[in-house]
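Reading through the structure tokens given below for one structure.
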Amino acid sequence: MTGSHDTATHLHSEYSETGESVFLRDVRPYGEGDPVDVAIENGVIAEIGAGLTPAEGAEVIEGRGQILLPGFVDIHTHLREPGREDTETIDSGSAAAALGGYTAVFAMANTDPVADTAVVTDHVWRRGREVGLVDVHPVGAVTVGLAGTQLAEMGAMASGAGGVRVFSDDGHCVSDSLVMRRALEYAASLDVLIAQHSEDPRLTDGAVAHEGPTAARLGLAGWPRAAEESIVARDALLARDAGARLHVCHASTAGTVELVRWAKGQGIAITAEVTPHHILLDDSRLETYDGVNRVNPPLRERSDVLALRRALADGVIDCVATDHAPHAEQDKCCEFALARPGMLGLETALSIVVATLVRPGDLDWRGVARVMSERPAQIVRLGDQGRPIAAGEPANLTLVDPDVEWTVTGPALASIADNTPYESMTLPAKVTATILRGRTTARDGQVRNHEPTRGHERAGGTR
Ligand SMILES: NC(=O)N[C@@H](CC(=O)O)C(=O)O
Ligand SMILES: [Zn+2]
């Protein structure tokens, strides 16, 4: 992997002789200009223009002026396999990803066993390929068992079949400064990315919510913004000295935005993501004590939400990442302080970006392509994703109906777990087709050639 964006060098055999043709009629790339037709052959975009004729036997999709974007790339997903297949599997999570418009996802390492060896990361990669609905890239752990003390064999994971290019102890912070320094030095020598879950555990021990007036009133133990910001600041300096690439997972405070802005201004190789929930929801959601709203980092205050939206629009925050975190019903329906942190995200991400940024006029569809596809692909150096919509480019694409409104219900989502904070919420815009290497993986809310593996169906004995 060179990190170069010369398509030809990246389009290996997977992009030839798929034997499939897809024809998109009357679509608007990036939501710009008059509708055009897009002919896709053998995994690549063959031709774009008005009034084209579909190839014999092509799958024709009537776009009716819908918006065509590069396929989305999620660099922070929890697929729970191996270990918690009662909440999500690579199969069910891939279905959720395809329905959400994703053509690549990065599966976090906090599985059971932890993805801290090439045995686990190679398995995740292979299983993703077998399912074939989305490219599943394994994230490797930074430290053995996510324990934060001994570096994992990052080199072996990087050179394994899974070709790991991102390492993270996400769910846990690599909090020891010397361990983080060594991890960044090791990562620099391998030219891989360290993605940090920035949370000082000494400042958050026992905390379940954002430290502020709401948590105080509700009697919930809070974690201060400084627990995140102090780690972001420290890591930026360590990355500078190590000459390493650092990525900040789920930025949640206005202060983190300012630190990332400062570090970028210094020429430090830092990037940052924000989740859909941190640009939509604030800590007023805690009033109900509903465990579905518990997440790390916690939902912050309105001023943070607005700062994160602005930072995404102006590019200080590079991208949206879902932090899709399925949990079992019994782990979310309990008392707020006992609920596990995390919420579903893959199938609602686009709609939230549209609701918070596109509809208010702060981001156009080019901007959506930037934060959902192009920047995430660049951060993790995927040469065949987040590419321009042009002839000769790989056909990893997402078609979006911008005008539709839909109401979220957990059980209707493809994920096995149902823990969505958006239950009964009406959201704008929906993915109508997802195309991976020239093959439709999802269309009109249905996943291609797919036997669903929903938890309640298994419980009912259908599998
Ligand atoms: N975000 C969360 O609240 N939970 C994530 C871990 C993480 O992303 O930190 C999980 O794995 O459940
Ligand atoms: Zn995290």
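For the structure tokens, the naming scheme is as follows: chains receive sequential letters (A, B, ...) according to their order of presentation, residues are indexed from 1 within each chain, and ligands are indexed from 1 in presentation order.
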Q.
Just want the residues within 12 Å of ligand 2, written as a PyMOL selection string, counting only C-alpha atoms and all ligand atoms.
A. chain A and resi 75-78+108-110+168-174+195-199+228+247-252+273-275+295-298+321-325+341-343
Dump of C-alpha atoms for the selected residues, as a compact mmCIF listing (two decimals), in the first residue's frame:
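Output below, filename out.txt:
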```txt
# COMPACT_ATOMS: atom_id res chain seq x y z
CA ILE A 75 -13.63 3.74 10.02
CA HIS A 76 -15.20 2.92 13.43
CA THR A 77 -17.63 -0.01 13.61
CA HIS A 78 -18.13 -2.69 16.27
CA MET A 108 -12.91 -2.55 16.01
CA ALA A 109 -10.65 -4.86 18.00
CA ASN A 110 -12.64 -5.07 21.27
CA SER A 168 -6.83 0.88 18.26
CA ASP A 169 -7.65 -0.21 21.80
CA ASP A 170 -11.02 1.50 21.30
CA GLY A 171 -13.39 1.01 24.18
CA HIS A 172 -10.26 1.65 26.23
CA CYS A 173 -7.77 4.48 26.11
CA VAL A 174 -4.06 3.75 25.75
CA ALA A 195 -6.77 5.51 16.45
CA GLN A 196 -7.13 6.60 20.04
CA HIS A 197 -10.21 6.43 22.29
CA SER A 198 -9.27 9.58 24.18
CA GLU A 199 -10.39 9.17 27.77
CA GLU A 228 -10.85 13.65 26.56
CA HIS A 247 -6.50 9.58 14.60
CA VAL A 248 -8.89 10.86 17.27
CA CYS A 249 -11.93 8.60 17.66
CA HIS A 250 -15.36 10.10 18.40
CA ALA A 251 -14.42 13.73 19.19
CA SER A 252 -17.10 15.00 21.57
CA GLU A 273 -13.89 11.74 13.43
CA VAL A 274 -17.26 12.64 14.92
CA THR A 275 -20.22 10.31 15.37
CA VAL A 295 -22.46 6.09 25.28
CA ASN A 296 -18.74 6.83 25.47
CA PRO A 297 -17.76 9.56 25.16
CA PRO A 298 -21.03 10.80 26.69
CA ALA A 321 -17.65 7.55 11.80
CA THR A 322 -20.59 5.67 13.26
CA ASP A 323 -19.07 4.00 16.36
CA HIS A 324 -21.86 1.47 15.66
CA ALA A 325 -21.98 -0.36 19.03
CA PRO A 341 -22.27 2.38 26.68
CA GLY A 342 -22.86 2.37 22.92
CA MET A 343 -25.59 2.77 20.28
```
(Q) When you look at Ala313 (chain A) with a cut-off of 10 Å (counting only C-alpha atoms), what residues show up, excluding the ones that are within fewer than 4 positions of it in the same chain? I need them as a PyMOL selection string. (A) chain A and resi 307-309+317-319+357-358+362-364+367-368+370-371
Q: Identify all residues of region 249-404 of chain A in strand (DSSP E) (DSSP on the backbone) and supply them as a PyMOL selection string.
A: chain A and resi 270-274+319-320+397-404
Q: Show which residues sit within 8 Å of region 408-410 of chain A, as a PyMOL selection string. Count only C-alpha atoms, and ignore same-chain residues fewer than 5 positions away.
A: chain A and resi 417-420+422-427
Please return as a PDB file with N, CA and C atoms, in the first residue's frame: the residues of region 161-218 of chain A that backbone DSSP assigns to helix (DSSP H, G or I).
```pdb
ATOM      1  N   SER A 177       1.406   7.021  29.171  1.00  0.00           N
ATOM      2  CA  SER A 177       2.077   7.886  28.188  1.00  0.00           C
ATOM      3  C   SER A 177       3.234   7.191  27.485  1.00  0.00           C
ATOM      4  N   LEU A 178       3.970   6.374  28.227  1.00  0.00           N
ATOM      5  CA  LEU A 178       5.117   5.707  27.605  1.00  0.00           C
ATOM      6  C   LEU A 178       4.655   4.617  26.641  1.00  0.00           C
ATOM      7  N   VAL A 179       3.604   3.878  27.015  1.00  0.00           N
ATOM      8  CA  VAL A 179       3.066   2.852  26.108  1.00  0.00           C
ATOM      9  C   VAL A 179       2.561   3.524  24.826  1.00  0.00           C
ATOM     10  N   MET A 180       1.875   4.650  24.980  1.00  0.00           N
ATOM     11  CA  MET A 180       1.364   5.355  23.794  1.00  0.00           C
ATOM     12  C   MET A 180       2.531   5.860  22.942  1.00  0.00           C
ATOM     13  N   ARG A 181       3.571   6.346  23.590  1.00  0.00           N
ATOM     14  CA  ARG A 181       4.737   6.813  22.832  1.00  0.00           C
ATOM     15  C   ARG A 181       5.338   5.670  22.020  1.00  0.00           C
ATOM     16  N   ARG A 182       5.529   4.525  22.656  1.00  0.00           N
ATOM     17  CA  ARG A 182       6.116   3.376  21.945  1.00  0.00           C
ATOM     18  C   ARG A 182       5.193   2.896  20.827  1.00  0.00           C
ATOM     19  N   ALA A 183       3.900   2.907  21.087  1.00  0.00           N
ATOM     20  CA  ALA A 183       2.933   2.476  20.061  1.00  0.00           C
ATOM     21  C   ALA A 183       3.027   3.383  18.835  1.00  0.00           C
ATOM     22  N   LEU A 184       3.131   4.675  19.064  1.00  0.00           N
ATOM     23  CA  LEU A 184       3.224   5.619  17.944  1.00  0.00           C
ATOM     24  C   LEU A 184       4.534   5.439  17.179  1.00  0.00           C
ATOM     25  N   GLU A 185       5.608   5.164  17.912  1.00  0.00           N
ATOM     26  CA  GLU A 185       6.899   4.935  17.237  1.00  0.00           C
ATOM     27  C   GLU A 185       6.849   3.663  16.381  1.00  0.00           C
ATOM     28  N   TYR A 186       6.261   2.615  16.945  1.00  0.00           N
ATOM     29  CA  TYR A 186       6.107   1.350  16.222  1.00  0.00           C
ATOM     30  C   TYR A 186       5.221   1.580  14.990  1.00  0.00           C
ATOM     31  N   ALA A 187       4.126   2.308  15.185  1.00  0.00           N
ATOM     32  CA  ALA A 187       3.198   2.585  14.075  1.00  0.00           C
ATOM     33  C   ALA A 187       3.885   3.388  12.976  1.00  0.00           C
ATOM     34  N   ALA A 188       4.722   4.339  13.373  1.00  0.00           N
ATOM     35  CA  ALA A 188       5.425   5.146  12.361  1.00  0.00           C
ATOM     36  C   ALA A 188       6.326   4.255  11.512  1.00  0.00           C
ATOM     37  N   SER A 189       6.990   3.289  12.157  1.00  0.00           N
ATOM     38  CA  SER A 189       7.912   2.432  11.396  1.00  0.00           C
ATOM     39  C   SER A 189       7.138   1.506  10.465  1.00  0.00           C
ATOM     40  N   LEU A 190       5.903   1.152  10.826  1.00  0.00           N
ATOM     41  CA  LEU A 190       5.081   0.280   9.971  1.00  0.00           C
ATOM     42  C   LEU A 190       4.220   1.085   8.989  1.00  0.00           C
ATOM     43  N   PRO A 201      -8.702   7.466  32.127  1.00  0.00           N
ATOM     44  CA  PRO A 201      -9.523   6.643  33.032  1.00  0.00           C
ATOM     45  C   PRO A 201      -9.488   7.131  34.475  1.00  0.00           C
ATOM     46  N   ARG A 202      -8.431   7.840  34.834  1.00  0.00           N
ATOM     47  CA  ARG A 202      -8.362   8.348  36.218  1.00  0.00           C
ATOM     48  C   ARG A 202      -9.371   9.466  36.438  1.00  0.00           C
ATOM     49  N   LEU A 203      -9.746  10.148  35.369  1.00  0.00           N
ATOM     50  CA  LEU A 203     -10.731  11.233  35.489  1.00  0.00           C
ATOM     51  C   LEU A 203     -12.154  10.753  35.222  1.00  0.00           C
ATOM     52  N   THR A 204     -12.298   9.489  34.826  1.00  0.00           N
ATOM     53  CA  THR A 204     -13.634   9.002  34.447  1.00  0.00           C
ATOM     54  C   THR A 204     -14.050   7.755  35.218  1.00  0.00           C
ATOM     55  N   PRO A 213     -24.347  20.421  34.388  1.00  0.00           N
ATOM     56  CA  PRO A 213     -25.549  20.662  35.193  1.00  0.00           C
ATOM     57  C   PRO A 213     -26.575  19.527  35.120  1.00  0.00           C
ATOM     58  N   THR A 214     -26.719  18.916  33.934  1.00  0.00           N
ATOM     59  CA  THR A 214     -27.736  17.870  33.800  1.00  0.00           C
ATOM     60  C   THR A 214     -27.386  16.665  34.679  1.00  0.00           C
ATOM     61  N   ALA A 215     -26.134  16.187  34.557  1.00  0.00           N
ATOM     62  CA  ALA A 215     -25.718  15.034  35.361  1.00  0.00           C
ATOM     63  C   ALA A 215     -25.808  15.361  36.854  1.00  0.00           C
ATOM     64  N   ALA A 216     -25.435  16.568  37.212  1.00  0.00           N
ATOM     65  CA  ALA A 216     -25.486  16.953  38.624  1.00  0.00           C
ATOM     66  C   ALA A 216     -26.920  16.881  39.143  1.00  0.00           C
ATOM     67  N   ARG A 217     -27.854  17.416  38.357  1.00  0.00           N
ATOM     68  CA  ARG A 217     -29.257  17.427  38.769  1.00  0.00           C
ATOM     69  C   ARG A 217     -29.821  16.013  38.867  1.00  0.00           C
ATOM     70  N   LEU A 218     -29.392  15.155  37.945  1.00  0.00           N
ATOM     71  CA  LEU A 218     -29.924  13.793  37.912  1.00  0.00           C
ATOM     72  C   LEU A 218     -29.180  12.855  38.858  1.00  0.00           C
TER      73      LEU A 218
END
```
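Among the candidates A:Ala328, A:Ala98, A:Val260, A:Val124, the residue lying nearest to ligand 1 is A:Ala328 (atoms considered: only C-alpha atoms and all ligand atoms).
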Could you name the residues that touch Gly392 (chain A) at 7 Å or less, counting only C-alpha atoms, but leaving out those on the same chain fewer than 3 positions away, as a short mmCIF file (atom, residue, chain, number, x, y, z; two decimals) with N, CA and C atoms, in the first residue's frame?
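Result file is part_39.cif:
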```
data_model
loop_
_atom_site.label_atom_id
_atom_site.label_comp_id
_atom_site.auth_asym_id
_atom_site.auth_seq_id
_atom_site.Cartn_x
_atom_site.Cartn_y
_atom_site.Cartn_z
N VAL A 44 -16.14 -1.60 -12.64
CA VAL A 44 -15.72 -0.20 -12.77
C VAL A 44 -16.78 0.62 -13.51
N ILE A 45 -16.69 1.92 -13.33
CA ILE A 45 -17.58 2.82 -14.07
C ILE A 45 -17.08 2.86 -15.51
N ALA A 46 -17.94 2.37 -16.43
CA ALA A 46 -17.52 2.30 -17.84
C ALA A 46 -17.79 3.61 -18.56
#
```
Q) Counting only C-alpha atoms, what is within 9 Å of Val431 (chain A), bar same-chain residues fewer than 4 positions away, as an MDAnalysis selection string? A) chainID A and resid 99:101 347 350:351 398:402 442:445
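Considering the residues A:Thr143, A:Ala55, A:Ala433, A:Leu306 and counting only C-alpha atoms, Gln446 (chain A) has its shortest atom-to-atom contact with A:Ala433.
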Q.
Give me, as number ranges by chain, all polymer residues having an atom no more than 10 Å from Ile40 (chain A), counting only C-alpha atoms and skipping those fewer than 5 positions away in the same chain.
A. A: 20-24, 45-48, 54-55, 58-59, 391-395, 435, 437-439
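Separating atom 11 (O, counted along the ligand's line) of ligand 1 from CA of Arg340 (chain A) is a distance of 8.8 Å.
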List the neighbours of Ala161 (chain A) out to 9 Å using only C-alpha atoms; skip same-chain residues closer than 5 positions along the sequence, and give me the result as an mmCIF file with N, CA and C atoms, in the first residue's frame.
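Once everything was written out, this is around02.cif:
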```
data_model
loop_
_atom_site.group_PDB
_atom_site.id
_atom_site.type_symbol
_atom_site.label_atom_id
_atom_site.label_comp_id
_atom_site.auth_asym_id
_atom_site.auth_seq_id
_atom_site.Cartn_x
_atom_site.Cartn_y
_atom_site.Cartn_z
ATOM 1 N N ALA A 118 -2.776 -11.897 14.564
ATOM 2 C CA ALA A 118 -3.168 -12.052 13.160
ATOM 3 C C ALA A 118 -4.203 -13.172 12.993
ATOM 4 N N THR A 121 -7.426 -11.157 13.407
ATOM 5 C CA THR A 121 -7.655 -10.155 12.356
ATOM 6 C C THR A 121 -7.825 -10.822 10.988
ATOM 7 N N ASP A 122 -7.075 -11.884 10.729
ATOM 8 C CA ASP A 122 -7.247 -12.588 9.447
ATOM 9 C C ASP A 122 -8.634 -13.227 9.364
ATOM 10 N N HIS A 123 -9.100 -13.770 10.481
ATOM 11 C CA HIS A 123 -10.444 -14.379 10.505
ATOM 12 C C HIS A 123 -11.513 -13.338 10.170
ATOM 13 N N TRP A 125 -11.222 -10.590 8.528
ATOM 14 C CA TRP A 125 -11.114 -10.200 7.122
ATOM 15 C C TRP A 125 -11.739 -11.272 6.213
ATOM 16 N N ARG A 126 -11.387 -12.536 6.460
ATOM 17 C CA ARG A 126 -11.917 -13.627 5.619
ATOM 18 C C ARG A 126 -13.419 -13.752 5.722
#
```
Q.
Nearest residue to ligand 1 out of A:Cys333, A:Met372, A:Ala227, A:Val208, using only C-alpha atoms and all ligand atoms?
A.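 Counting only C-alpha atoms and all ligand atoms, the residue closest to ligand 1 is A:Val208.
Checking A:Ile416, A:Ala244, A:Leu151, A:Val257 one by one against His327 (chain A), counting only C-alpha atoms, you find the shortest gap at A:Ile416.
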